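Note: the block below is model23.cif and it holds mmCIF, C-alpha atoms.
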```cif
data_data
loop_
_atom_site.group_PDB
_atom_site.id
_atom_site.type_symbol
_atom_site.label_atom_id
_atom_site.label_comp_id
_atom_site.auth_asym_id
_atom_site.auth_seq_id
_atom_site.Cartn_x
_atom_site.Cartn_y
_atom_site.Cartn_z
ATOM 1 C CA MET A 8 0.000 0.000 0.000
ATOM 2 C CA ASP A 9 1.181 3.472 -0.791
ATOM 3 C CA VAL A 10 -0.303 6.924 -1.243
ATOM 4 C CA ARG A 11 0.288 9.545 -3.894
ATOM 5 C CA ALA A 12 -1.454 12.742 -4.967
ATOM 6 C CA THR A 13 -2.633 14.248 -8.221
ATOM 7 C CA GLU A 14 -1.317 17.608 -9.391
ATOM 8 C CA GLU A 15 -4.610 19.222 -8.329
ATOM 9 C CA ALA A 16 -4.264 17.806 -4.813
ATOM 10 C CA LEU A 17 -0.621 18.908 -4.555
ATOM 11 C CA ASN A 18 -1.594 22.436 -5.593
ATOM 12 C CA HIS A 19 -4.339 22.522 -2.958
ATOM 13 C CA ILE A 20 -1.940 21.215 -0.323
ATOM 14 C CA GLU A 21 0.432 24.083 -1.129
ATOM 15 C CA HIS A 22 -2.454 26.542 -0.745
ATOM 16 C CA LEU A 23 -3.276 25.067 2.686
ATOM 17 C CA LYS A 24 0.387 25.178 3.743
ATOM 18 C CA GLU A 25 0.539 28.879 2.829
ATOM 19 C CA LYS A 26 -2.608 29.576 4.818
ATOM 20 C CA TYR A 27 -2.049 27.315 7.863
ATOM 21 C CA GLY A 28 1.692 26.604 7.929
ATOM 22 C CA GLN A 29 3.843 23.640 7.028
ATOM 23 C CA LYS A 30 2.978 21.351 9.964
ATOM 24 C CA LEU A 31 -0.075 19.557 8.651
ATOM 25 C CA LEU A 32 -1.172 15.930 8.473
ATOM 26 C CA PHE A 33 -3.762 13.851 6.665
ATOM 27 C CA HIS A 34 -5.915 11.199 8.280
ATOM 28 C CA GLN A 35 -8.495 8.843 6.812
ATOM 29 C CA SER A 36 -10.284 6.596 9.255
ATOM 30 C CA GLY A 37 -12.504 4.684 6.864
ATOM 31 C CA GLY A 38 -15.465 5.385 9.110
ATOM 32 C CA CYS A 39 -18.750 6.820 7.973
ATOM 33 C CA CYS A 40 -19.465 10.354 6.830
ATOM 34 C CA ASP A 41 -16.416 12.628 7.107
ATOM 35 C CA GLY A 42 -14.192 9.752 8.275
ATOM 36 C CA SER A 43 -14.375 8.127 4.872
ATOM 37 C CA SER A 44 -12.692 11.153 3.260
ATOM 38 C CA PRO A 45 -9.071 12.170 3.583
ATOM 39 C CA MET A 46 -8.980 15.055 6.037
ATOM 40 C CA CYS A 47 -6.210 17.579 6.552
ATOM 41 C CA PHE A 48 -5.459 18.980 10.012
ATOM 42 C CA PRO A 49 -2.840 21.145 11.691
ATOM 43 C CA GLU A 50 -0.430 18.636 13.214
ATOM 44 C CA GLU A 51 -1.001 19.960 16.753
ATOM 45 C CA ASP A 52 -4.797 19.632 16.445
ATOM 46 C CA PHE A 53 -4.922 15.901 15.721
ATOM 47 C CA LEU A 54 -3.779 13.171 18.076
ATOM 48 C CA VAL A 55 -2.439 10.239 16.043
ATOM 49 C CA GLY A 56 -3.514 7.062 17.814
ATOM 50 C CA GLU A 57 -1.654 3.805 18.320
ATOM 51 C CA ARG A 58 -4.027 2.185 15.803
ATOM 52 C CA ASP A 59 -3.149 4.683 13.070
ATOM 53 C CA VAL A 60 -0.651 3.730 10.369
ATOM 54 C CA MET A 61 1.397 6.234 8.380
ATOM 55 C CA ILE A 62 1.361 4.942 4.802
ATOM 56 C CA GLY A 63 3.448 7.705 3.259
ATOM 57 C CA LYS A 64 3.591 11.422 2.582
ATOM 58 C CA ILE A 65 1.926 13.602 -0.020
ATOM 59 C CA GLY A 66 3.220 17.097 -0.620
ATOM 60 C CA GLY A 67 5.586 16.493 2.293
ATOM 61 C CA ILE A 68 2.666 15.890 4.671
ATOM 62 C CA PRO A 69 2.289 12.565 6.523
ATOM 63 C CA PHE A 70 -0.788 10.530 5.570
ATOM 64 C CA TYR A 71 -2.290 8.257 8.230
ATOM 65 C CA ILE A 72 -5.020 5.682 7.927
ATOM 66 C CA GLY A 73 -6.802 3.731 10.654
ATOM 67 C CA ARG A 74 -5.377 0.217 11.169
ATOM 68 C CA ASP A 75 -8.707 -1.504 10.447
ATOM 69 C CA GLN A 76 -8.946 0.315 7.129
ATOM 70 C CA HIS A 77 -5.270 -0.369 6.443
ATOM 71 C CA ASP A 78 -5.824 -4.094 6.949
ATOM 72 C CA LYS A 79 -8.781 -4.058 4.534
ATOM 73 C CA TRP A 80 -6.979 -1.984 1.892
ATOM 74 C CA LYS A 81 -3.443 -3.378 2.258
ATOM 75 C CA ASN A 82 -3.379 -4.433 -1.403
ATOM 76 C CA THR A 83 -4.598 -1.055 -2.629
ATOM 77 C CA ASN A 84 -2.710 2.090 -3.610
ATOM 78 C CA LEU A 85 -4.430 5.340 -2.705
ATOM 79 C CA ILE A 86 -4.490 8.342 -5.019
ATOM 80 C CA ILE A 87 -5.555 11.571 -3.346
ATOM 81 C CA ASP A 88 -7.274 13.975 -5.711
ATOM 82 C CA CYS A 89 -8.858 17.393 -5.250
ATOM 83 C CA VAL A 90 -12.282 18.103 -6.732
ATOM 84 C CA PRO A 91 -14.926 20.838 -6.428
ATOM 85 C CA GLY A 92 -17.058 20.415 -3.327
ATOM 86 C CA ILE A 93 -17.236 20.814 0.429
ATOM 87 C CA GLY A 94 -14.503 19.271 2.564
ATOM 88 C CA GLY A 95 -14.967 17.359 5.796
ATOM 89 C CA MET A 96 -16.426 19.406 8.637
ATOM 90 C CA PHE A 97 -13.118 19.628 10.549
ATOM 91 C CA SER A 98 -10.754 19.360 7.571
ATOM 92 C CA LEU A 99 -8.803 22.431 6.481
ATOM 93 C CA ASP A 100 -10.170 22.084 2.944
ATOM 94 C CA ASN A 101 -13.687 22.839 4.231
ATOM 95 C CA GLY A 102 -14.823 26.242 3.006
ATOM 96 C CA THR A 103 -12.346 26.439 0.123
ATOM 97 C CA GLY A 104 -14.781 25.211 -2.534
ATOM 98 C CA LYS A 105 -12.569 22.141 -3.025
ATOM 99 C CA ARG A 106 -12.276 18.841 -1.225
ATOM 100 C CA PHE A 107 -9.857 15.958 -1.121
ATOM 101 C CA LEU A 108 -11.080 12.665 -2.554
ATOM 102 C CA THR A 109 -9.526 9.199 -2.334
ATOM 103 C CA LYS A 110 -9.299 7.095 -5.462
ATOM 104 C CA SER A 111 -7.708 3.655 -5.484
ATOM 105 C CA GLU A 112 -6.042 1.052 -7.601
ATOM 106 C CA VAL A 113 -5.375 -2.575 -6.755
ATOM 107 C CA CYS A 114 -1.699 -3.395 -6.174
ATOM 108 C CA PRO A 115 -0.233 -6.289 -8.074
ATOM 109 C CA ILE A 116 0.691 -9.012 -5.587
#
```
Would you write out, as structure tokens, the structure that this file holds?
Amino acid sequence: MDVRATEEALNHIEHLKEKYGQKLLFHQSGGCCDGSSPMCFPEEDFLVGERDVMIGKIGGIPFYIGRDQHDKWKNTNLIIDCVPGIGGMFSLDNGTGKRFLTKSEVCPI
């Protein structure tokens, strides 16, 4: 499993870094509602839990996923895109008119 970002997502990440600073992180829990979307937080505002797994970095920002979701998606590569819409309620992309979206592709085993 790995994570990468589209050019649109990388551009939006840079916008968020300019606005909020460089110390950000992504988390995707795989839960319902907002938890099923990749959400971006200031590093100091999100407590990474012992059941969270860092699967890589996009735009220099660590990307974490809940262990349960990691175990289900371990043979999947994640592609983070940015599309028009409303971000997760607590995610920094909320209110920008854009939101992060996870796409996937199956890894060859």
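With distances restricted to all atoms listed in the file, A:Gln29 is the closest residue to Pro49 in chain A from A:Thr103, A:Gln29, A:Asn18, A:Thr83.
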List every protein, DNA or RNA residue that has an atom no more than 10 Å from (2.0, 6.0, 6.4) in the file's coordinate frame, counting only C-alpha atoms, and report them as a JSON list (two decimals) with C-alpha atoms, keeping the file's coordinate frame.
```
[["chain", "number", "residue", "atom", "x", "y", "z"],
["A", 8, "MET", "CA", 0.00, 0.00, 0.00],
["A", 9, "ASP", "CA", 1.18, 3.47, -0.79],
["A", 10, "VAL", "CA", -0.30, 6.92, -1.24],
["A", 33, "PHE", "CA", -3.76, 13.85, 6.66],
["A", 34, "HIS", "CA", -5.92, 11.20, 8.28],
["A", 59, "ASP", "CA", -3.15, 4.68, 13.07],
["A", 60, "VAL", "CA", -0.65, 3.73, 10.37],
["A", 61, "MET", "CA", 1.40, 6.23, 8.38],
["A", 62, "ILE", "CA", 1.36, 4.94, 4.80],
["A", 63, "GLY", "CA", 3.45, 7.70, 3.26],
["A", 64, "LYS", "CA", 3.59, 11.42, 2.58],
["A", 65, "ILE", "CA", 1.93, 13.60, -0.02],
["A", 69, "PRO", "CA", 2.29, 12.56, 6.52],
["A", 70, "PHE", "CA", -0.79, 10.53, 5.57],
["A", 71, "TYR", "CA", -2.29, 8.26, 8.23],
["A", 72, "ILE", "CA", -5.02, 5.68, 7.93],
["A", 77, "HIS", "CA", -5.27, -0.37, 6.44]]
```
Edge lengths and centre in Å to one decimal, as lines of an AutoDock Vina configuration file, of the axis-aligned box that encloses all listed atoms of range 84-91 of chain A with 3 Å added on every side?
```
center_x = -8.8
center_y = 11.5
center_z = -4.7
size_x = 18.2
size_y = 24.7
size_z = 10.0
```
Worksheet entry | the PyMOL selection byres ((chain A and resi 31) around 7) resolved against shown file, as number ranges by chain | A: 29-30, 32, 47-50, 68
Practice prompt. Report as a count of residues only the full result of the PyMOL selection byres ((chain A and resi 94) around 8) when it is applied to this structure.
Written response: 15
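Between CA of Cys114 in chain A and CA of Trp80 in chain A there is a distance of 9.7 Å.
Reported to one decimal place, the separation of CA of Asn84 in chain A from CA of Arg58 in chain A is 19.5 Å.
Among the candidates A:Phe97, A:Lys24, A:Lys110, A:Val90, the residue lying nearest to Asp52 in chain A is A:Phe97 (atoms considered: only C-alpha atoms).
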Fill in: Among listed residues A:Arg11, A:Arg74, A:Glu112, A:Glu51, nearest Gly28 in chain A (using only C-alpha atoms)
A:Glu51
Worksheet item: Which distance in Å separates CA of Gly67 in chain A and CA of Asn82 in chain A, to one decimal?
Response: 23.1 Å
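Proximity to His19 in chain A was assessed for A:Gly66, A:Pro45, A:Val113, A:Glu57 counting all atoms listed in the file; the smallest distance is recorded for A:Gly66.
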